[in-house]
>>> print(open('structure.cif').read())   # mmCIF, N, CA and C atoms
data_model
#
loop_
_atom_site.label_atom_id
_atom_site.label_comp_id
_atom_site.auth_asym_id
_atom_site.auth_seq_id
_atom_site.Cartn_x
_atom_site.Cartn_y
_atom_site.Cartn_z
N MET A 1458 4.08 -16.45 0.21
CA MET A 1458 3.30 -15.25 0.38
C MET A 1458 4.25 -14.11 0.72
N ILE A 1459 3.95 -12.91 0.19
CA ILE A 1459 4.74 -11.73 0.46
C ILE A 1459 3.85 -10.73 1.20
N ILE A 1460 4.32 -10.24 2.34
CA ILE A 1460 3.64 -9.18 3.07
C ILE A 1460 4.43 -7.90 2.82
N VAL A 1461 3.72 -6.84 2.44
CA VAL A 1461 4.35 -5.54 2.22
C VAL A 1461 3.70 -4.55 3.18
N THR A 1462 4.54 -3.76 3.87
CA THR A 1462 4.04 -2.67 4.70
C THR A 1462 4.63 -1.37 4.16
N VAL A 1463 3.80 -0.35 4.12
CA VAL A 1463 4.21 0.95 3.62
C VAL A 1463 3.79 2.00 4.63
N GLU A 1464 4.68 2.95 4.92
CA GLU A 1464 4.35 4.11 5.73
C GLU A 1464 4.74 5.35 4.94
N VAL A 1465 3.79 6.28 4.82
CA VAL A 1465 4.03 7.52 4.11
C VAL A 1465 3.77 8.67 5.07
N ASP A 1466 4.75 9.55 5.21
CA ASP A 1466 4.59 10.74 6.04
C ASP A 1466 4.15 11.89 5.16
N VAL A 1467 3.05 12.54 5.55
CA VAL A 1467 2.49 13.65 4.79
C VAL A 1467 2.14 14.78 5.75
N GLU A 1468 1.72 15.91 5.23
CA GLU A 1468 1.18 16.97 6.07
C GLU A 1468 -0.12 16.48 6.69
N ALA A 1469 -0.41 16.87 7.91
CA ALA A 1469 -1.67 16.50 8.55
C ALA A 1469 -2.82 16.95 7.66
N GLY A 1470 -3.76 16.05 7.39
CA GLY A 1470 -4.91 16.34 6.56
C GLY A 1470 -4.70 16.10 5.07
N ALA A 1471 -3.47 15.87 4.65
CA ALA A 1471 -3.19 15.67 3.23
C ALA A 1471 -3.84 14.39 2.70
N ALA A 1472 -4.02 13.40 3.54
CA ALA A 1472 -4.64 12.15 3.10
C ALA A 1472 -6.05 12.42 2.55
N ASP A 1473 -6.75 13.39 3.11
CA ASP A 1473 -8.09 13.73 2.61
C ASP A 1473 -8.04 14.21 1.16
N LYS A 1474 -6.94 14.85 0.77
CA LYS A 1474 -6.81 15.38 -0.59
C LYS A 1474 -6.64 14.27 -1.63
N VAL A 1475 -6.21 13.09 -1.20
CA VAL A 1475 -6.01 11.98 -2.15
C VAL A 1475 -6.95 10.81 -1.86
N LYS A 1476 -8.00 11.08 -1.11
CA LYS A 1476 -8.96 10.03 -0.75
C LYS A 1476 -9.53 9.32 -1.97
N GLY A 1477 -9.88 10.07 -3.00
CA GLY A 1477 -10.41 9.47 -4.23
C GLY A 1477 -9.38 8.60 -4.92
N ALA A 1478 -8.13 9.07 -4.97
CA ALA A 1478 -7.06 8.28 -5.60
C ALA A 1478 -6.79 7.01 -4.80
N ILE A 1479 -6.87 7.10 -3.49
CA ILE A 1479 -6.69 5.92 -2.64
C ILE A 1479 -7.80 4.90 -2.90
N ALA A 1480 -9.04 5.37 -2.96
CA ALA A 1480 -10.17 4.46 -3.20
C ALA A 1480 -10.03 3.77 -4.57
N GLU A 1481 -9.64 4.51 -5.59
CA GLU A 1481 -9.43 3.92 -6.92
C GLU A 1481 -8.30 2.90 -6.90
N MET A 1482 -7.23 3.24 -6.19
CA MET A 1482 -6.08 2.35 -6.10
C MET A 1482 -6.46 1.04 -5.39
N GLU A 1483 -7.18 1.16 -4.29
CA GLU A 1483 -7.60 -0.05 -3.57
C GLU A 1483 -8.47 -0.93 -4.45
N THR A 1484 -9.46 -0.36 -5.10
CA THR A 1484 -10.38 -1.14 -5.93
C THR A 1484 -9.64 -1.84 -7.07
N ALA A 1485 -8.81 -1.10 -7.79
CA ALA A 1485 -8.08 -1.68 -8.92
C ALA A 1485 -7.09 -2.75 -8.47
N THR A 1486 -6.39 -2.48 -7.38
CA THR A 1486 -5.37 -3.42 -6.91
C THR A 1486 -5.99 -4.70 -6.37
N ARG A 1487 -7.09 -4.57 -5.66
CA ARG A 1487 -7.75 -5.76 -5.11
C ARG A 1487 -8.23 -6.71 -6.20
N ALA A 1488 -8.41 -6.20 -7.41
CA ALA A 1488 -8.84 -7.03 -8.54
C ALA A 1488 -7.66 -7.68 -9.26
N GLU A 1489 -6.44 -7.33 -8.88
CA GLU A 1489 -5.27 -7.86 -9.55
C GLU A 1489 -5.01 -9.32 -9.18
N GLU A 1490 -4.46 -10.03 -10.16
CA GLU A 1490 -4.03 -11.41 -9.95
C GLU A 1490 -2.99 -11.46 -8.84
N GLY A 1491 -3.19 -12.32 -7.86
CA GLY A 1491 -2.21 -12.52 -6.80
C GLY A 1491 -2.35 -11.62 -5.60
N CYS A 1492 -3.30 -10.68 -5.64
CA CYS A 1492 -3.51 -9.78 -4.49
C CYS A 1492 -4.49 -10.43 -3.52
N ASN A 1493 -4.04 -10.67 -2.31
CA ASN A 1493 -4.90 -11.27 -1.28
C ASN A 1493 -5.42 -10.24 -0.29
N LEU A 1494 -4.72 -9.10 -0.16
CA LEU A 1494 -5.14 -8.02 0.74
C LEU A 1494 -4.45 -6.75 0.30
N TYR A 1495 -5.20 -5.65 0.31
CA TYR A 1495 -4.62 -4.35 -0.02
C TYR A 1495 -5.46 -3.31 0.70
N ALA A 1496 -4.90 -2.68 1.73
CA ALA A 1496 -5.69 -1.77 2.55
C ALA A 1496 -4.87 -0.56 3.01
N PHE A 1497 -5.46 0.61 2.82
CA PHE A 1497 -4.89 1.87 3.29
C PHE A 1497 -5.53 2.24 4.62
N SER A 1498 -4.80 3.00 5.43
CA SER A 1498 -5.36 3.60 6.65
C SER A 1498 -4.57 4.85 6.99
N VAL A 1499 -5.21 5.73 7.74
CA VAL A 1499 -4.53 6.88 8.31
C VAL A 1499 -4.41 6.59 9.80
N ASP A 1500 -3.23 6.77 10.34
CA ASP A 1500 -2.97 6.48 11.75
C ASP A 1500 -3.88 7.33 12.63
N ILE A 1501 -4.61 6.71 13.54
CA ILE A 1501 -5.52 7.42 14.43
C ILE A 1501 -4.76 8.39 15.33
N SER A 1502 -3.58 8.00 15.78
CA SER A 1502 -2.79 8.85 16.67
C SER A 1502 -1.94 9.88 15.93
N ASP A 1503 -1.77 9.69 14.63
CA ASP A 1503 -0.91 10.58 13.84
C ASP A 1503 -1.51 10.76 12.45
N PRO A 1504 -2.37 11.78 12.27
CA PRO A 1504 -3.03 11.98 10.98
C PRO A 1504 -2.09 12.37 9.84
N ALA A 1505 -0.81 12.47 10.13
CA ALA A 1505 0.18 12.77 9.10
C ALA A 1505 0.86 11.49 8.61
N LYS A 1506 0.33 10.33 8.99
CA LYS A 1506 0.92 9.05 8.59
C LYS A 1506 -0.13 8.18 7.90
N ILE A 1507 0.16 7.82 6.64
CA ILE A 1507 -0.68 6.90 5.88
C ILE A 1507 0.02 5.54 5.88
N ARG A 1508 -0.75 4.49 6.12
CA ARG A 1508 -0.19 3.14 6.10
C ARG A 1508 -0.90 2.30 5.04
N VAL A 1509 -0.14 1.39 4.46
CA VAL A 1509 -0.70 0.42 3.51
C VAL A 1509 -0.22 -0.96 3.95
N VAL A 1510 -1.13 -1.92 3.96
CA VAL A 1510 -0.78 -3.31 4.24
C VAL A 1510 -1.19 -4.12 3.02
N GLU A 1511 -0.27 -4.95 2.53
CA GLU A 1511 -0.50 -5.73 1.33
C GLU A 1511 -0.12 -7.18 1.56
N LEU A 1512 -0.88 -8.09 0.97
CA LEU A 1512 -0.56 -9.52 0.95
C LEU A 1512 -0.60 -9.97 -0.50
N TRP A 1513 0.51 -10.53 -0.97
CA TRP A 1513 0.63 -10.96 -2.37
C TRP A 1513 1.05 -12.42 -2.45
N ARG A 1514 0.64 -13.05 -3.50
CA ARG A 1514 1.02 -14.44 -3.74
C ARG A 1514 2.50 -14.57 -4.07
N SER A 1515 3.05 -13.60 -4.85
CA SER A 1515 4.44 -13.73 -5.29
C SER A 1515 5.05 -12.37 -5.63
N MET A 1516 6.36 -12.34 -5.75
CA MET A 1516 7.06 -11.13 -6.17
C MET A 1516 6.70 -10.78 -7.62
N ASP A 1517 6.45 -11.77 -8.45
CA ASP A 1517 6.03 -11.48 -9.82
C ASP A 1517 4.72 -10.71 -9.85
N ASP A 1518 3.80 -11.06 -8.94
CA ASP A 1518 2.53 -10.32 -8.85
C ASP A 1518 2.77 -8.88 -8.41
N ILE A 1519 3.69 -8.68 -7.49
CA ILE A 1519 4.02 -7.32 -7.03
C ILE A 1519 4.65 -6.53 -8.17
N LYS A 1520 5.53 -7.15 -8.94
CA LYS A 1520 6.16 -6.46 -10.08
C LYS A 1520 5.10 -6.03 -11.09
N ALA A 1521 4.13 -6.88 -11.37
CA ALA A 1521 3.05 -6.53 -12.29
C ALA A 1521 2.24 -5.36 -11.72
N HIS A 1522 1.98 -5.39 -10.43
CA HIS A 1522 1.25 -4.32 -9.75
C HIS A 1522 2.00 -2.99 -9.88
N MET A 1523 3.29 -3.02 -9.66
CA MET A 1523 4.09 -1.80 -9.71
C MET A 1523 4.12 -1.20 -11.12
N ALA A 1524 3.91 -2.01 -12.14
CA ALA A 1524 3.93 -1.55 -13.53
C ALA A 1524 2.53 -1.20 -14.06
N SER A 1525 1.52 -1.31 -13.22
CA SER A 1525 0.14 -1.10 -13.66
C SER A 1525 -0.17 0.38 -13.90
N PRO A 1526 -1.11 0.66 -14.80
CA PRO A 1526 -1.52 2.05 -15.04
C PRO A 1526 -2.08 2.74 -13.79
N HIS A 1527 -2.82 1.98 -12.96
CA HIS A 1527 -3.38 2.61 -11.76
C HIS A 1527 -2.29 2.96 -10.75
N MET A 1528 -1.17 2.25 -10.76
CA MET A 1528 -0.05 2.62 -9.89
C MET A 1528 0.55 3.94 -10.36
N ALA A 1529 0.69 4.10 -11.67
CA ALA A 1529 1.24 5.35 -12.22
C ALA A 1529 0.32 6.54 -11.87
N SER A 1530 -0.98 6.35 -12.01
CA SER A 1530 -1.93 7.41 -11.67
C SER A 1530 -1.88 7.74 -10.19
N PHE A 1531 -1.79 6.70 -9.37
CA PHE A 1531 -1.74 6.91 -7.92
C PHE A 1531 -0.46 7.65 -7.52
N ASN A 1532 0.66 7.25 -8.10
CA ASN A 1532 1.92 7.93 -7.78
C ASN A 1532 1.87 9.41 -8.14
N GLN A 1533 1.20 9.72 -9.23
CA GLN A 1533 1.05 11.12 -9.63
C GLN A 1533 0.22 11.88 -8.59
N ALA A 1534 -0.87 11.28 -8.14
CA ALA A 1534 -1.72 11.92 -7.13
C ALA A 1534 -0.96 12.11 -5.82
N MET A 1535 -0.22 11.10 -5.42
CA MET A 1535 0.56 11.22 -4.18
C MET A 1535 1.64 12.28 -4.30
N GLY A 1536 2.26 12.38 -5.46
CA GLY A 1536 3.29 13.39 -5.67
C GLY A 1536 2.76 14.79 -5.47
N ALA A 1537 1.49 14.99 -5.78
CA ALA A 1537 0.87 16.31 -5.65
C ALA A 1537 0.77 16.77 -4.19
N ILE A 1538 0.74 15.83 -3.24
CA ILE A 1538 0.69 16.23 -1.83
C ILE A 1538 2.07 16.24 -1.18
N ARG A 1539 3.09 15.96 -1.97
CA ARG A 1539 4.50 16.04 -1.55
C ARG A 1539 4.80 15.32 -0.24
N PRO A 1540 4.79 14.00 -0.28
CA PRO A 1540 5.12 13.23 0.93
C PRO A 1540 6.47 13.62 1.50
N LYS A 1541 6.56 13.60 2.83
CA LYS A 1541 7.80 13.94 3.53
C LYS A 1541 8.70 12.73 3.73
N GLY A 1542 8.12 11.55 3.69
CA GLY A 1542 8.90 10.34 3.90
C GLY A 1542 8.14 9.12 3.42
N LEU A 1543 8.90 8.08 3.09
CA LEU A 1543 8.32 6.84 2.59
C LEU A 1543 9.17 5.68 3.05
N ARG A 1544 8.52 4.70 3.67
CA ARG A 1544 9.21 3.48 4.10
C ARG A 1544 8.41 2.28 3.58
N ILE A 1545 9.09 1.40 2.86
CA ILE A 1545 8.45 0.20 2.31
C ILE A 1545 9.27 -1.00 2.75
N LYS A 1546 8.60 -1.98 3.31
CA LYS A 1546 9.26 -3.23 3.71
C LYS A 1546 8.46 -4.40 3.16
N ALA A 1547 9.18 -5.43 2.75
CA ALA A 1547 8.53 -6.65 2.27
C ALA A 1547 9.06 -7.83 3.07
N TYR A 1548 8.17 -8.77 3.36
CA TYR A 1548 8.51 -9.95 4.14
C TYR A 1548 8.02 -11.18 3.39
N GLU A 1549 8.90 -12.13 3.20
CA GLU A 1549 8.52 -13.39 2.56
C GLU A 1549 8.13 -14.35 3.67
N VAL A 1550 6.92 -14.90 3.57
CA VAL A 1550 6.36 -15.75 4.61
C VAL A 1550 6.13 -17.15 4.06
N GLU A 1551 6.58 -18.14 4.79
CA GLU A 1551 6.42 -19.52 4.35
C GLU A 1551 5.04 -20.09 4.65
N ARG A 1552 4.50 -19.71 5.81
CA ARG A 1552 3.19 -20.23 6.16
C ARG A 1552 2.45 -19.26 7.07
N GLU A 1553 1.16 -19.42 7.10
CA GLU A 1553 0.30 -18.59 7.93
C GLU A 1553 -0.08 -19.39 9.16
N VAL A 1554 -0.10 -18.72 10.32
CA VAL A 1554 -0.45 -19.37 11.57
C VAL A 1554 -1.62 -18.61 12.19
N ALA A 1555 -2.71 -19.32 12.50
CA ALA A 1555 -3.87 -18.69 13.12
C ALA A 1555 -3.57 -18.36 14.58
N LEU A 1556 -3.97 -17.18 15.01
CA LEU A 1556 -3.72 -16.76 16.39
C LEU A 1556 -4.99 -16.78 17.23
N GLY A 1557 -6.11 -16.99 16.62
CA GLY A 1557 -7.33 -16.95 17.40
C GLY A 1557 -8.25 -18.09 17.13
#
>>> encode(input="structure.cif", output="structure tokens")
Amino acid sequence: MIIVTVEVDVEAGAADKVKGAIAEMETATRAEEGCNLYAFSVDISDPAKIRVVELWRSMDDIKAHMASPHMASFNQAMGAIRPKGLRIKAYEVEREVALG
């Protein structure tokens, strides 16, 4: 399993301008082969920070996702709000452990 975390720094309130693109991206991505979780959020303490959490079956699934038409459309929408920063990290996980 691959866990991906994304942090995007934008102008405060800019996330509202791409809300439709985010909703389309979530819906399309969640239907992709190998996607176990795909969720956007805006930080409650910092409205200038958008976060994405992703769970994928494999790197091949992520590569297919990155090449998808909805990714290209989403990147275009995000480019229009001119993000100030982007951090993406991926973690390869061997097993899941229940905490509760």
>>> select_by_dssp(input="structure.cif", residues="region 1467-1535 of chain A", states="strand (DSSP E or B)", output="list in words")
Cys1492, Asn1493, Leu1494, Tyr1495, Ala1496, Phe1497, Ser1498, Val1499, Lys1506, Ile1507, Arg1508, Val1509, Val1510, Glu1511, Leu1512 and Trp1513 of chain A
>>> atom_distance(input="structure.cif", atom1="CA of Ile1519 (chain A)", atom2="atom N of Ala1505 (chain A)")
26.6 Å
>>> closest_atom_pairs(input="structure.cif", of="region 1458-1536 of chain A", to="region 1542-1550 of chain A", cutoff="10 Å", atoms="only C-alpha atoms", output="tab-separated table")
residue	atom	partner	partner_atom	distance
A:Met1458	CA	A:Val1550	CA	5.2
A:Ile1459	CA	A:Glu1549	CA	4.6
A:Ile1460	CA	A:Tyr1548	CA	5.0
A:Val1461	CA	A:Ala1547	CA	4.3
A:Thr1462	CA	A:Lys1546	CA	5.3
A:Val1463	CA	A:Ile1545	CA	4.5
A:Glu1464	CA	A:Arg1544	CA	5.2
A:Val1465	CA	A:Leu1543	CA	4.6
A:Asp1466	CA	A:Gly1542	CA	4.8
A:Val1467	CA	A:Gly1542	CA	7.3
A:Lys1506	CA	A:Gly1542	CA	9.3
A:Ile1507	CA	A:Leu1543	CA	9.6
A:Arg1508	CA	A:Arg1544	CA	9.6
A:Val1509	CA	A:Ile1545	CA	9.2
A:Glu1511	CA	A:Ala1547	CA	9.1
A:Leu1512	CA	A:Ala1547	CA	9.6
A:Trp1513	CA	A:Glu1549	CA	9.6
A:Arg1514	CA	A:Glu1549	CA	9.9
A:Ser1515	CA	A:Glu1549	CA	8.9
A:Met1516	CA	A:Glu1549	CA	9.1
>>> atom_distance(input="structure.cif", atom1="atom N of Ala1534 (chain A)", atom2="atom N of Glu1481 (chain A)")
11.4 Å
>>> closest_residue(input="structure.cif", among="A:Glu1483, A:Glu1490, A:Glu1468, A:Asp1473", to="Asp1503 (chain A)", atoms="only C-alpha atoms")
A:Glu1468
>>> atom_distance(input="structure.cif", atom1="atom N of Pro1540 (chain A)", atom2="CA of Gly1470 (chain A)")
12.1 Å
>>> select_by_dssp(input="structure.cif", residues="chain A", states="alpha helix (DSSP H)", output="ChimeraX atom specification")
/A:1471-1474,1476-1487,1516-1523,1526-1537
>>> decode(input="structure.cif", residues="region 1482-1505 of chain A", atoms="N, CA, C and O atoms", output="PDB file, in the first residue's frame")
ATOM      1  N   MET A1482     -12.389  16.107  -9.094  1.00  0.00           N
ATOM      2  CA  MET A1482     -11.173  15.313  -8.949  1.00  0.00           C
ATOM      3  C   MET A1482     -11.393  14.171  -7.949  1.00  0.00           C
ATOM      4  O   MET A1482     -11.002  13.030  -8.202  1.00  0.00           O
ATOM      5  N   GLU A1483     -12.013  14.485  -6.824  1.00  0.00           N
ATOM      6  CA  GLU A1483     -12.283  13.442  -5.832  1.00  0.00           C
ATOM      7  C   GLU A1483     -13.164  12.343  -6.412  1.00  0.00           C
ATOM      8  O   GLU A1483     -12.851  11.155  -6.277  1.00  0.00           O
ATOM      9  N   THR A1484     -14.243  12.718  -7.058  1.00  0.00           N
ATOM     10  CA  THR A1484     -15.178  11.733  -7.606  1.00  0.00           C
ATOM     11  C   THR A1484     -14.506  10.839  -8.644  1.00  0.00           C
ATOM     12  O   THR A1484     -14.617   9.607  -8.584  1.00  0.00           O
ATOM     13  N   ALA A1485     -13.795  11.449  -9.583  1.00  0.00           N
ATOM     14  CA  ALA A1485     -13.141  10.677 -10.645  1.00  0.00           C
ATOM     15  C   ALA A1485     -12.037   9.789 -10.084  1.00  0.00           C
ATOM     16  O   ALA A1485     -11.901   8.628 -10.480  1.00  0.00           O
ATOM     17  N   THR A1486     -11.260  10.318  -9.155  1.00  0.00           N
ATOM     18  CA  THR A1486     -10.136   9.549  -8.615  1.00  0.00           C
ATOM     19  C   THR A1486     -10.613   8.386  -7.758  1.00  0.00           C
ATOM     20  O   THR A1486     -10.063   7.286  -7.829  1.00  0.00           O
ATOM     21  N   ARG A1487     -11.648   8.607  -6.974  1.00  0.00           N
ATOM     22  CA  ARG A1487     -12.160   7.531  -6.124  1.00  0.00           C
ATOM     23  C   ARG A1487     -12.670   6.345  -6.935  1.00  0.00           C
ATOM     24  O   ARG A1487     -12.727   5.223  -6.427  1.00  0.00           O
ATOM     25  N   ALA A1488     -13.006   6.580  -8.202  1.00  0.00           N
ATOM     26  CA  ALA A1488     -13.474   5.504  -9.079  1.00  0.00           C
ATOM     27  C   ALA A1488     -12.323   4.774  -9.771  1.00  0.00           C
ATOM     28  O   ALA A1488     -12.550   3.750 -10.427  1.00  0.00           O
ATOM     29  N   GLU A1489     -11.106   5.263  -9.603  1.00  0.00           N
ATOM     30  CA  GLU A1489      -9.960   4.655 -10.277  1.00  0.00           C
ATOM     31  C   GLU A1489      -9.564   3.326  -9.642  1.00  0.00           C
ATOM     32  O   GLU A1489      -9.690   3.126  -8.433  1.00  0.00           O
ATOM     33  N   GLU A1490      -9.058   2.451 -10.500  1.00  0.00           N
ATOM     34  CA  GLU A1490      -8.516   1.167 -10.058  1.00  0.00           C
ATOM     35  C   GLU A1490      -7.372   1.417  -9.076  1.00  0.00           C
ATOM     36  O   GLU A1490      -6.482   2.222  -9.343  1.00  0.00           O
ATOM     37  N   GLY A1491      -7.423   0.769  -7.928  1.00  0.00           N
ATOM     38  CA  GLY A1491      -6.334   0.851  -6.959  1.00  0.00           C
ATOM     39  C   GLY A1491      -6.432   1.982  -5.966  1.00  0.00           C
ATOM     40  O   GLY A1491      -5.604   2.089  -5.061  1.00  0.00           O
ATOM     41  N   CYS A1492      -7.436   2.846  -6.094  1.00  0.00           N
ATOM     42  CA  CYS A1492      -7.605   3.952  -5.146  1.00  0.00           C
ATOM     43  C   CYS A1492      -8.444   3.481  -3.962  1.00  0.00           C
ATOM     44  O   CYS A1492      -9.596   3.089  -4.119  1.00  0.00           O
ATOM     45  N   ASN A1493      -7.864   3.528  -2.780  1.00  0.00           N
ATOM     46  CA  ASN A1493      -8.576   3.118  -1.565  1.00  0.00           C
ATOM     47  C   ASN A1493      -9.079   4.309  -0.758  1.00  0.00           C
ATOM     48  O   ASN A1493     -10.006   4.173   0.036  1.00  0.00           O
ATOM     49  N   LEU A1494      -8.447   5.478  -0.945  1.00  0.00           N
ATOM     50  CA  LEU A1494      -8.864   6.702  -0.249  1.00  0.00           C
ATOM     51  C   LEU A1494      -8.305   7.886  -1.016  1.00  0.00           C
ATOM     52  O   LEU A1494      -7.150   7.858  -1.461  1.00  0.00           O
ATOM     53  N   TYR A1495      -9.128   8.923  -1.149  1.00  0.00           N
ATOM     54  CA  TYR A1495      -8.681  10.147  -1.802  1.00  0.00           C
ATOM     55  C   TYR A1495      -9.517  11.272  -1.226  1.00  0.00           C
ATOM     56  O   TYR A1495     -10.724  11.347  -1.483  1.00  0.00           O
ATOM     57  N   ALA A1496      -8.910  12.142  -0.419  1.00  0.00           N
ATOM     58  CA  ALA A1496      -9.683  13.166   0.279  1.00  0.00           C
ATOM     59  C   ALA A1496      -8.920  14.479   0.385  1.00  0.00           C
ATOM     60  O   ALA A1496      -7.750  14.495   0.764  1.00  0.00           O
ATOM     61  N   PHE A1497      -9.602  15.555   0.022  1.00  0.00           N
ATOM     62  CA  PHE A1497      -9.083  16.912   0.161  1.00  0.00           C
ATOM     63  C   PHE A1497      -9.624  17.526   1.446  1.00  0.00           C
ATOM     64  O   PHE A1497     -10.727  17.207   1.880  1.00  0.00           O
ATOM     65  N   SER A1498      -8.871  18.480   1.995  1.00  0.00           N
ATOM     66  CA  SER A1498      -9.358  19.289   3.111  1.00  0.00           C
ATOM     67  C   SER A1498      -8.630  20.623   3.105  1.00  0.00           C
ATOM     68  O   SER A1498      -7.540  20.747   2.551  1.00  0.00           O
ATOM     69  N   VAL A1499      -9.262  21.612   3.714  1.00  0.00           N
ATOM     70  CA  VAL A1499      -8.615  22.891   3.963  1.00  0.00           C
ATOM     71  C   VAL A1499      -8.338  22.927   5.455  1.00  0.00           C
ATOM     72  O   VAL A1499      -9.209  22.615   6.271  1.00  0.00           O
ATOM     73  N   ASP A1500      -7.126  23.283   5.824  1.00  0.00           N
ATOM     74  CA  ASP A1500      -6.720  23.310   7.222  1.00  0.00           C
ATOM     75  C   ASP A1500      -7.595  24.285   8.003  1.00  0.00           C
ATOM     76  O   ASP A1500      -7.746  25.446   7.620  1.00  0.00           O
ATOM     77  N   ILE A1501      -8.191  23.835   9.087  1.00  0.00           N
ATOM     78  CA  ILE A1501      -9.064  24.673   9.905  1.00  0.00           C
ATOM     79  C   ILE A1501      -8.296  25.852  10.502  1.00  0.00           C
ATOM     80  O   ILE A1501      -8.810  26.960  10.589  1.00  0.00           O
ATOM     81  N   SER A1502      -7.052  25.627  10.887  1.00  0.00           N
ATOM     82  CA  SER A1502      -6.242  26.680  11.500  1.00  0.00           C
ATOM     83  C   SER A1502      -5.549  27.573  10.478  1.00  0.00           C
ATOM     84  O   SER A1502      -5.049  28.637  10.821  1.00  0.00           O
ATOM     85  N   ASP A1503      -5.483  27.122   9.225  1.00  0.00           N
ATOM     86  CA  ASP A1503      -4.771  27.863   8.188  1.00  0.00           C
ATOM     87  C   ASP A1503      -5.513  27.713   6.857  1.00  0.00           C
ATOM     88  O   ASP A1503      -5.250  26.790   6.095  1.00  0.00           O
ATOM     89  N   PRO A1504      -6.448  28.630   6.565  1.00  0.00           N
ATOM     90  CA  PRO A1504      -7.244  28.513   5.337  1.00  0.00           C
ATOM     91  C   PRO A1504      -6.445  28.699   4.046  1.00  0.00           C
ATOM     92  O   PRO A1504      -6.995  28.592   2.963  1.00  0.00           O
ATOM     93  N   ALA A1505      -5.151  28.924   4.178  1.00  0.00           N
ATOM     94  CA  ALA A1505      -4.286  29.036   3.003  1.00  0.00           C
ATOM     95  C   ALA A1505      -3.562  27.725   2.723  1.00  0.00           C
ATOM     96  O   ALA A1505      -2.640  27.676   1.921  1.00  0.00           O
TER      97      ALA A1505
END
